[in-house]
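Data from run-v4.cif: mmCIF, C-alpha atoms and all ligand atoms
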data_my_file
#
loop_
_atom_site.group_PDB
_atom_site.id
_atom_site.type_symbol
_atom_site.label_atom_id
_atom_site.label_comp_id
_atom_site.auth_asym_id
_atom_site.auth_seq_id
_atom_site.Cartn_x
_atom_site.Cartn_y
_atom_site.Cartn_z
ATOM 1 C CA MET A 267 16.388 12.206 9.649
ATOM 2 C CA ASP A 268 19.798 13.840 9.155
ATOM 3 C CA ILE A 269 20.597 11.273 6.447
ATOM 4 C CA LEU A 270 17.239 11.881 4.739
ATOM 5 C CA ARG A 271 17.669 15.644 4.893
ATOM 6 C CA GLY A 272 21.104 15.216 3.321
ATOM 7 C CA LEU A 273 19.569 13.183 0.462
ATOM 8 C CA LYS A 274 16.959 15.890 -0.021
ATOM 9 C CA LYS A 275 19.601 18.609 -0.107
ATOM 10 C CA GLU A 276 21.591 16.784 -2.779
ATOM 11 C CA GLY A 277 18.389 16.271 -4.843
ATOM 12 C CA SER A 278 18.126 12.460 -4.540
ATOM 13 C CA ILE A 279 14.737 12.739 -2.856
ATOM 14 C CA ARG A 280 12.164 15.498 -2.959
ATOM 15 C CA TYR A 281 10.285 15.102 0.315
ATOM 16 C CA VAL A 282 10.890 13.663 3.768
ATOM 17 C CA GLY A 283 8.033 12.273 5.828
ATOM 18 C CA ILE A 284 7.213 10.429 9.043
ATOM 19 C CA THR A 285 4.538 7.778 9.416
ATOM 20 C CA HIS A 286 2.531 5.603 11.752
ATOM 21 C CA PHE A 287 -0.988 4.245 11.630
ATOM 22 C CA ARG A 288 -2.203 3.350 15.127
ATOM 23 C CA ALA A 289 -4.124 5.834 17.287
ATOM 24 C CA GLY A 290 -2.242 4.454 20.298
ATOM 25 C CA TYR A 291 0.928 6.031 18.896
ATOM 26 C CA ASN A 292 -0.523 9.493 18.225
ATOM 27 C CA GLN A 293 1.440 11.113 21.034
ATOM 28 C CA GLU A 294 4.762 9.653 19.830
ATOM 29 C CA LEU A 295 3.950 10.659 16.263
ATOM 30 C CA ALA A 296 2.992 14.168 17.394
ATOM 31 C CA ALA A 297 6.320 14.492 19.248
ATOM 32 C CA ALA A 298 8.241 13.270 16.183
ATOM 33 C CA ILE A 299 6.446 15.754 13.903
ATOM 34 C CA ARG A 300 7.218 18.618 16.282
ATOM 35 C CA LYS A 301 10.838 17.554 16.619
ATOM 36 C CA HIS A 302 11.620 16.937 12.943
ATOM 37 C CA ASN A 303 9.185 19.230 11.107
ATOM 38 C CA PRO A 304 8.999 16.894 8.041
ATOM 39 C CA ASP A 305 7.491 17.798 4.649
ATOM 40 C CA PHE A 306 4.640 15.341 5.192
ATOM 41 C CA VAL A 307 3.166 12.931 7.666
ATOM 42 C CA GLN A 308 1.346 9.696 6.799
ATOM 43 C CA LEU A 309 -1.157 8.797 9.504
ATOM 44 C CA GLY A 310 -4.242 6.730 10.253
ATOM 45 C CA TYR A 311 -7.527 8.611 10.033
ATOM 46 C CA SER A 312 -11.117 7.514 9.422
ATOM 47 C CA LEU A 313 -14.615 7.712 10.876
ATOM 48 C CA ASN A 314 -13.347 4.914 13.108
ATOM 49 C CA GLN A 315 -10.195 6.727 14.188
ATOM 50 C CA ILE A 316 -11.185 10.311 14.860
ATOM 51 C CA SER A 317 -8.654 10.976 17.642
ATOM 52 C CA THR A 318 -6.378 11.998 14.743
ATOM 53 C CA GLU A 319 -8.529 15.123 14.349
ATOM 54 C CA THR A 320 -7.518 16.422 17.754
ATOM 55 C CA ASP A 321 -4.133 14.735 18.288
ATOM 56 C CA LEU A 322 -2.389 15.276 14.950
ATOM 57 C CA LEU A 323 -4.192 17.332 12.298
ATOM 58 C CA PRO A 324 -3.939 20.652 14.195
ATOM 59 C CA ILE A 325 -0.147 20.184 14.478
ATOM 60 C CA ALA A 326 0.163 19.435 10.761
ATOM 61 C CA LYS A 327 -1.907 22.537 10.016
ATOM 62 C CA ASP A 328 0.182 24.779 12.301
ATOM 63 C CA LEU A 329 3.455 23.540 10.805
ATOM 64 C CA ASP A 330 2.080 23.515 7.237
ATOM 65 C CA ILE A 331 2.931 19.809 6.781
ATOM 66 C CA ALA A 332 1.197 17.756 4.061
ATOM 67 C CA VAL A 333 -1.042 14.944 5.341
ATOM 68 C CA MET A 334 -1.330 11.552 3.631
ATOM 69 C CA VAL A 335 -3.985 9.311 5.213
ATOM 70 C CA ASN A 336 -3.476 5.545 5.486
ATOM 71 C CA ARG A 337 -5.923 2.850 6.644
ATOM 72 C CA PRO A 338 -9.028 4.839 5.590
ATOM 73 C CA TYR A 339 -11.201 1.704 5.996
ATOM 74 C CA GLY A 340 -9.621 0.421 9.191
ATOM 75 C CA ARG A 341 -7.979 -2.272 7.058
ATOM 76 C CA GLY A 342 -11.376 -3.113 5.582
ATOM 77 C CA SER A 343 -13.112 -3.651 8.943
ATOM 78 C CA MET A 344 -15.423 -0.637 8.483
ATOM 79 C CA PHE A 345 -17.293 -2.359 5.657
ATOM 80 C CA ARG A 346 -18.598 -4.983 8.092
ATOM 81 C CA LYS A 347 -20.638 -2.383 9.952
ATOM 82 C CA VAL A 348 -22.495 -1.269 6.799
ATOM 83 C CA ARG A 349 -22.852 -4.608 5.007
ATOM 84 C CA GLY A 350 -26.343 -4.839 3.442
ATOM 85 C CA ARG A 351 -27.192 -1.305 4.541
ATOM 86 C CA PRO A 352 -28.069 1.323 1.901
ATOM 87 C CA LEU A 353 -26.384 4.707 1.960
ATOM 88 C CA PRO A 354 -28.452 7.427 3.619
ATOM 89 C CA ASP A 355 -30.337 9.534 1.073
ATOM 90 C CA TRP A 356 -28.379 12.675 1.975
ATOM 91 C CA ALA A 357 -25.099 11.071 0.776
ATOM 92 C CA LYS A 358 -26.216 12.328 -2.667
ATOM 93 C CA GLU A 359 -25.605 15.885 -1.436
ATOM 94 C CA PHE A 360 -21.852 15.262 -1.548
ATOM 95 C CA ASP A 361 -21.862 12.852 -4.502
ATOM 96 C CA ALA A 362 -21.105 9.640 -2.578
ATOM 97 C CA ASN A 363 -22.306 6.595 -4.493
ATOM 98 C CA SER A 364 -20.902 3.851 -2.269
ATOM 99 C CA TRP A 365 -19.853 3.332 1.337
ATOM 100 C CA SER A 366 -16.208 3.516 0.315
ATOM 101 C CA GLN A 367 -16.814 6.971 -1.179
ATOM 102 C CA PHE A 368 -18.710 7.968 1.967
ATOM 103 C CA PHE A 369 -15.698 6.924 4.086
ATOM 104 C CA LEU A 370 -13.116 8.575 1.823
ATOM 105 C CA LYS A 371 -15.053 11.808 1.411
ATOM 106 C CA TYR A 372 -15.263 12.175 5.185
ATOM 107 C CA ILE A 373 -11.455 12.170 5.203
ATOM 108 C CA LEU A 374 -10.958 14.301 2.089
ATOM 109 C CA GLY A 375 -13.466 16.866 3.394
ATOM 110 C CA HIS A 376 -11.103 17.740 6.235
ATOM 111 C CA PRO A 377 -9.262 20.913 5.176
ATOM 112 C CA THR A 378 -5.896 19.717 6.536
ATOM 113 C CA VAL A 379 -5.861 16.432 4.574
ATOM 114 C CA THR A 380 -3.779 16.400 1.380
ATOM 115 C CA CYS A 381 -4.526 12.890 0.073
ATOM 116 C CA VAL A 382 -5.699 9.435 1.079
ATOM 117 C CA ILE A 383 -4.301 6.005 0.134
ATOM 118 C CA PRO A 384 -6.904 3.223 0.326
ATOM 119 C CA GLY A 385 -5.433 -0.233 -0.279
ATOM 120 C CA THR A 386 -6.814 -2.768 -2.744
ATOM 121 C CA ASP A 387 -5.696 -5.286 -5.356
ATOM 122 C CA LYS A 388 -9.020 -5.101 -7.256
ATOM 123 C CA VAL A 389 -9.625 -2.844 -10.229
ATOM 124 C CA LYS A 390 -13.324 -2.416 -9.420
ATOM 125 C CA TYR A 391 -12.470 -1.202 -5.910
ATOM 126 C CA MET A 392 -9.809 1.127 -7.247
ATOM 127 C CA LEU A 393 -12.306 2.709 -9.657
ATOM 128 C CA ASP A 394 -14.835 3.018 -6.846
ATOM 129 C CA ASN A 395 -12.200 4.651 -4.612
ATOM 130 C CA LEU A 396 -11.144 7.068 -7.340
ATOM 131 C CA GLY A 397 -14.770 8.218 -7.516
ATOM 132 C CA ALA A 398 -14.325 9.753 -4.062
ATOM 133 C CA GLY A 399 -12.016 12.337 -5.589
ATOM 134 C CA ARG A 400 -14.827 13.660 -7.778
ATOM 135 C CA GLY A 401 -17.806 15.906 -7.184
ATOM 136 C CA THR A 402 -18.748 17.806 -4.050
ATOM 137 C CA MET A 403 -16.876 17.264 -0.792
ATOM 138 C CA PRO A 404 -18.787 17.360 2.500
ATOM 139 C CA ASP A 405 -18.454 20.622 4.447
ATOM 140 C CA ALA A 406 -17.946 20.831 8.214
ATOM 141 C CA ALA A 407 -21.679 20.548 9.011
ATOM 142 C CA MET A 408 -22.095 17.551 6.709
ATOM 143 C CA ARG A 409 -18.997 15.857 8.145
ATOM 144 C CA LYS A 410 -20.537 16.206 11.614
ATOM 145 C CA ARG A 411 -23.702 14.556 10.320
ATOM 146 C CA MET A 412 -21.664 11.726 8.777
ATOM 147 C CA LEU A 413 -19.798 11.084 12.019
ATOM 148 C CA ASN A 414 -22.983 11.163 14.045
ATOM 149 C CA TYR A 415 -24.637 8.703 11.665
ATOM 150 C CA TRP A 416 -21.623 6.373 11.703
ATOM 151 C CA GLN A 417 -21.391 6.382 15.491
ATOM 152 C CA LYS A 418 -25.060 5.451 15.832
ATOM 153 C CA LEU A 419 -24.842 2.478 13.439
HETATM 154 N N1 LIG B 1 2.841 3.784 6.960
HETATM 155 C C1 LIG B 1 2.213 2.932 7.733
HETATM 156 O O1 LIG B 1 2.544 2.764 8.891
HETATM 157 C C2 LIG B 1 1.049 2.192 7.172
HETATM 158 C C3 LIG B 1 0.281 1.377 8.015
HETATM 159 C C4 LIG B 1 -0.849 0.747 7.479
HETATM 160 C C5 LIG B 1 -1.180 0.919 6.155
HETATM 161 N N2 LIG B 1 -0.393 1.699 5.353
HETATM 162 C C6 LIG B 1 -0.733 1.884 3.925
HETATM 163 O O2 LIG B 1 -2.034 2.451 3.830
HETATM 164 C C7 LIG B 1 -2.700 1.940 2.686
HETATM 165 C C8 LIG B 1 -4.063 1.408 3.084
HETATM 166 O O3 LIG B 1 -3.952 0.495 4.162
HETATM 167 P P1 LIG B 1 -4.689 -0.916 4.225
HETATM 168 O O4 LIG B 1 -4.766 -1.476 2.858
HETATM 169 O O5 LIG B 1 -4.031 -1.696 5.312
HETATM 170 O O6 LIG B 1 -6.134 -0.562 4.806
HETATM 171 P P2 LIG B 1 -7.482 0.094 4.197
HETATM 172 O O7 LIG B 1 -7.198 0.872 2.954
HETATM 173 O O8 LIG B 1 -8.130 0.779 5.343
HETATM 174 O O9 LIG B 1 -8.364 -1.199 3.850
HETATM 175 C C9 LIG B 1 -8.045 -2.086 2.829
HETATM 176 C C10 LIG B 1 -9.194 -3.089 2.732
HETATM 177 O O10 LIG B 1 -10.337 -2.426 2.191
HETATM 178 C C11 LIG B 1 -10.828 -3.157 1.082
HETATM 179 N N3 LIG B 1 -11.284 -2.206 0.069
HETATM 180 C C12 LIG B 1 -10.549 -1.269 -0.589
HETATM 181 N N4 LIG B 1 -11.326 -0.550 -1.405
HETATM 182 C C13 LIG B 1 -12.577 -1.057 -1.288
HETATM 183 C C14 LIG B 1 -13.825 -0.745 -1.894
HETATM 184 N N5 LIG B 1 -13.946 0.263 -2.757
HETATM 185 N N6 LIG B 1 -14.916 -1.471 -1.542
HETATM 186 C C15 LIG B 1 -14.825 -2.474 -0.641
HETATM 187 N N7 LIG B 1 -13.665 -2.816 -0.022
HETATM 188 C C16 LIG B 1 -12.559 -2.113 -0.348
HETATM 189 C C17 LIG B 1 -9.661 -3.978 0.569
HETATM 190 O O11 LIG B 1 -10.179 -5.133 -0.039
HETATM 191 P P3 LIG B 1 -9.308 -6.100 -0.990
HETATM 192 O O12 LIG B 1 -8.171 -6.616 -0.132
HETATM 193 O O13 LIG B 1 -10.290 -7.169 -1.366
HETATM 194 O O14 LIG B 1 -8.830 -5.299 -2.146
HETATM 195 C C18 LIG B 1 -8.887 -4.271 1.856
HETATM 196 O O15 LIG B 1 -9.428 -5.420 2.497
HETATM 197 C C19 LIG B 1 -1.775 0.895 2.076
HETATM 198 O O16 LIG B 1 -1.082 1.504 0.999
HETATM 199 C C20 LIG B 1 -0.808 0.554 3.196
HETATM 200 O O17 LIG B 1 0.451 0.156 2.731
HETATM 201 C C21 LIG B 1 0.704 2.346 5.838
#
Output the structure of this file as structure tokens.
Amino acid sequence: MDILRGLKKEGSIRYVGITHFRAGYNQELAAAIRKHNPDFVQLGYSLNQISTETDLLPIAKDLDIAVMVNRPYGRGSMFRKVRGRPLPDWAKEFDANSWSQFFLKYILGHPTVTCVIPGTDKVKYMLDNLGAGRGTMPDAAMRKRMLNYWQKL
């Protein structure tokens, strides 16, 4: 971190961040964030990994650290649970037109999240994912409904 801070000071890099992706490492990541106070953290967060909401997001908020979310689909595994299932009607209320947008909007609706980085090598998926950045975002009450729905599937 000293080396990275040096590079930032001399203008070679603009931001310094810390990252992990597994919920099992939340405590180590939390300790590293507290110790190093980076500009941003990249972490795993999704409807399938909500321990991030209690373990990490409050620390990022307190320290005013930007949050980049990785693995928003649990490496694609979340799509298995909804295969062949239509979106609930109320997904229209926050402009979600696909399950991927439903998953991404849950993340983007959290006030501490800065951005999300879904992975794909397919243009059609990328366009679908970009759609999650448009329209209404779910508020706290809607996010609760989304989580509840997901957990009952
Ligand atoms: N810093 C870290 O420690 C760390 C750890 C893990 C991941 N990451 C980063 O986080 C990003 C995302 O991680 P990830 O790719 O492992 O997991 P992910 O984004 O949770 O899931 C990717 C999977 O979702 C599928 N997918 C993407 N968009 C879709 C769509 N609209 N509809 C249906 N399926 C869709 C992809 O399919 P296709 O393969 O068919 O395109 C791929 O199988 C990557 O940039 C990765 O490098 C960072």
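For the choices A:Gly397, A:Pro338, A:Gly375, A:Pro404, the atom-to-atom distance to ligand LIG 1 (chain B) is smallest for A:Pro338 when using all atoms listed in the file.
Atom pair CA of Ala398 in chain A / CA of Phe368 in chain A: separated by 7.7 Å.
Interatomic distance, CA of Pro324 in chain A to CA of His286 in chain A: 16.6 Å.
Interatomic distance, atom C6 of ligand LIG 1 (chain B) to CA of Ile284 in chain A: 12.7 Å.
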Can you sort out the box for ligand LIG 1 (chain B), edges along x, y and z, all listed atoms in, 3 Å on every side, with centre and edge lengths in Å to one decimal, as AutoDock Vina command-line options?
--center_x -6.0 --center_y -1.7 --center_z 3.1 --size_x 23.8 --size_y 17.0 --size_z 17.6
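With the cut-off set to 7 Å and all atoms listed in the file counted, the residues surrounding ligand LIG 1 (chain B) are Thr285, His286, Phe287, Gln308, Leu309, Asn336, Arg337, Pro338, Tyr339, Gly340, Arg341, Gly342, Phe345, Ser366, Ile383, Pro384, Gly385, Thr386, Asp387, Lys388, Tyr391, Met392, Asp394 and Asn395 of chain A.
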Write range 339-359 of chain A as a PDB file, in the coordinates of the input, completed to N, CA, C and O atoms.
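Listing of result.pdb after writing:
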ATOM      1  N   TYR A 339     -10.088   2.630   5.731  1.00  0.00           N
ATOM      2  CA  TYR A 339     -11.201   1.704   5.996  1.00  0.00           C
ATOM      3  C   TYR A 339     -10.908   0.827   7.211  1.00  0.00           C
ATOM      4  O   TYR A 339     -11.505  -0.240   7.362  1.00  0.00           O
ATOM      5  N   GLY A 340      -9.963   1.263   8.041  1.00  0.00           N
ATOM      6  CA  GLY A 340      -9.621   0.421   9.191  1.00  0.00           C
ATOM      7  C   GLY A 340      -9.232  -0.974   8.749  1.00  0.00           C
ATOM      8  O   GLY A 340      -9.644  -1.965   9.324  1.00  0.00           O
ATOM      9  N   ARG A 341      -8.422  -1.015   7.685  1.00  0.00           N
ATOM     10  CA  ARG A 341      -7.979  -2.272   7.058  1.00  0.00           C
ATOM     11  C   ARG A 341      -9.165  -3.109   6.562  1.00  0.00           C
ATOM     12  O   ARG A 341      -9.141  -4.341   6.626  1.00  0.00           O
ATOM     13  N   GLY A 342     -10.206  -2.426   6.147  1.00  0.00           N
ATOM     14  CA  GLY A 342     -11.376  -3.113   5.582  1.00  0.00           C
ATOM     15  C   GLY A 342     -12.462  -3.396   6.610  1.00  0.00           C
ATOM     16  O   GLY A 342     -13.599  -3.706   6.252  1.00  0.00           O
ATOM     17  N   SER A 343     -12.150  -3.254   7.893  1.00  0.00           N
ATOM     18  CA  SER A 343     -13.112  -3.651   8.943  1.00  0.00           C
ATOM     19  C   SER A 343     -14.376  -2.781   8.930  1.00  0.00           C
ATOM     20  O   SER A 343     -15.442  -3.224   9.352  1.00  0.00           O
ATOM     21  N   MET A 344     -14.270  -1.546   8.438  1.00  0.00           N
ATOM     22  CA  MET A 344     -15.423  -0.637   8.483  1.00  0.00           C
ATOM     23  C   MET A 344     -16.563  -1.108   7.585  1.00  0.00           C
ATOM     24  O   MET A 344     -17.723  -0.761   7.822  1.00  0.00           O
ATOM     25  N   PHE A 345     -16.235  -1.896   6.566  1.00  0.00           N
ATOM     26  CA  PHE A 345     -17.293  -2.359   5.657  1.00  0.00           C
ATOM     27  C   PHE A 345     -18.241  -3.341   6.353  1.00  0.00           C
ATOM     28  O   PHE A 345     -19.391  -3.479   5.946  1.00  0.00           O
ATOM     29  N   ARG A 346     -17.746  -4.004   7.390  1.00  0.00           N
ATOM     30  CA  ARG A 346     -18.598  -4.983   8.092  1.00  0.00           C
ATOM     31  C   ARG A 346     -19.808  -4.298   8.726  1.00  0.00           C
ATOM     32  O   ARG A 346     -20.911  -4.827   8.732  1.00  0.00           O
ATOM     33  N   LYS A 347     -19.572  -3.103   9.248  1.00  0.00           N
ATOM     34  CA  LYS A 347     -20.638  -2.383   9.952  1.00  0.00           C
ATOM     35  C   LYS A 347     -21.772  -1.928   9.017  1.00  0.00           C
ATOM     36  O   LYS A 347     -22.881  -1.680   9.471  1.00  0.00           O
ATOM     37  N   VAL A 348     -21.474  -1.788   7.733  1.00  0.00           N
ATOM     38  CA  VAL A 348     -22.495  -1.269   6.799  1.00  0.00           C
ATOM     39  C   VAL A 348     -22.962  -2.324   5.783  1.00  0.00           C
ATOM     40  O   VAL A 348     -23.709  -1.998   4.865  1.00  0.00           O
ATOM     41  N   ARG A 349     -22.481  -3.550   5.973  1.00  0.00           N
ATOM     42  CA  ARG A 349     -22.852  -4.608   5.007  1.00  0.00           C
ATOM     43  C   ARG A 349     -24.378  -4.736   4.907  1.00  0.00           C
ATOM     44  O   ARG A 349     -25.064  -4.830   5.931  1.00  0.00           O
ATOM     45  N   GLY A 350     -24.906  -4.678   3.667  1.00  0.00           N
ATOM     46  CA  GLY A 350     -26.343  -4.839   3.442  1.00  0.00           C
ATOM     47  C   GLY A 350     -27.157  -3.596   3.767  1.00  0.00           C
ATOM     48  O   GLY A 350     -28.374  -3.604   3.668  1.00  0.00           O
ATOM     49  N   ARG A 351     -26.475  -2.524   4.156  1.00  0.00           N
ATOM     50  CA  ARG A 351     -27.192  -1.305   4.541  1.00  0.00           C
ATOM     51  C   ARG A 351     -27.079  -0.265   3.422  1.00  0.00           C
ATOM     52  O   ARG A 351     -25.962   0.004   2.963  1.00  0.00           O
ATOM     53  N   PRO A 352     -28.188   0.313   2.967  1.00  0.00           N
ATOM     54  CA  PRO A 352     -28.069   1.323   1.901  1.00  0.00           C
ATOM     55  C   PRO A 352     -27.468   2.621   2.448  1.00  0.00           C
ATOM     56  O   PRO A 352     -27.552   2.892   3.651  1.00  0.00           O
ATOM     57  N   LEU A 353     -26.902   3.394   1.558  1.00  0.00           N
ATOM     58  CA  LEU A 353     -26.384   4.707   1.960  1.00  0.00           C
ATOM     59  C   LEU A 353     -27.555   5.587   2.373  1.00  0.00           C
ATOM     60  O   LEU A 353     -28.637   5.480   1.797  1.00  0.00           O
ATOM     61  N   PRO A 354     -27.355   6.492   3.326  1.00  0.00           N
ATOM     62  CA  PRO A 354     -28.452   7.427   3.619  1.00  0.00           C
ATOM     63  C   PRO A 354     -28.704   8.310   2.387  1.00  0.00           C
ATOM     64  O   PRO A 354     -27.763   8.597   1.642  1.00  0.00           O
ATOM     65  N   ASP A 355     -29.936   8.724   2.238  1.00  0.00           N
ATOM     66  CA  ASP A 355     -30.337   9.534   1.073  1.00  0.00           C
ATOM     67  C   ASP A 355     -29.473  10.775   0.894  1.00  0.00           C
ATOM     68  O   ASP A 355     -29.113  11.146  -0.225  1.00  0.00           O
ATOM     69  N   TRP A 356     -29.113  11.401   2.014  1.00  0.00           N
ATOM     70  CA  TRP A 356     -28.379  12.675   1.975  1.00  0.00           C
ATOM     71  C   TRP A 356     -26.926  12.519   1.515  1.00  0.00           C
ATOM     72  O   TRP A 356     -26.232  13.512   1.301  1.00  0.00           O
ATOM     73  N   ALA A 357     -26.457  11.267   1.313  1.00  0.00           N
ATOM     74  CA  ALA A 357     -25.099  11.071   0.776  1.00  0.00           C
ATOM     75  C   ALA A 357     -24.999  11.635  -0.648  1.00  0.00           C
ATOM     76  O   ALA A 357     -23.915  11.978  -1.118  1.00  0.00           O
ATOM     77  N   LYS A 358     -26.170  11.740  -1.314  1.00  0.00           N
ATOM     78  CA  LYS A 358     -26.216  12.328  -2.667  1.00  0.00           C
ATOM     79  C   LYS A 358     -25.730  13.771  -2.656  1.00  0.00           C
ATOM     80  O   LYS A 358     -25.189  14.260  -3.633  1.00  0.00           O
ATOM     81  N   GLU A 359     -25.957  14.452  -1.516  1.00  0.00           N
ATOM     82  CA  GLU A 359     -25.605  15.885  -1.436  1.00  0.00           C
ATOM     83  C   GLU A 359     -24.115  16.115  -1.604  1.00  0.00           C
ATOM     84  O   GLU A 359     -23.683  17.208  -1.926  1.00  0.00           O
TER      85      GLU A 359
END
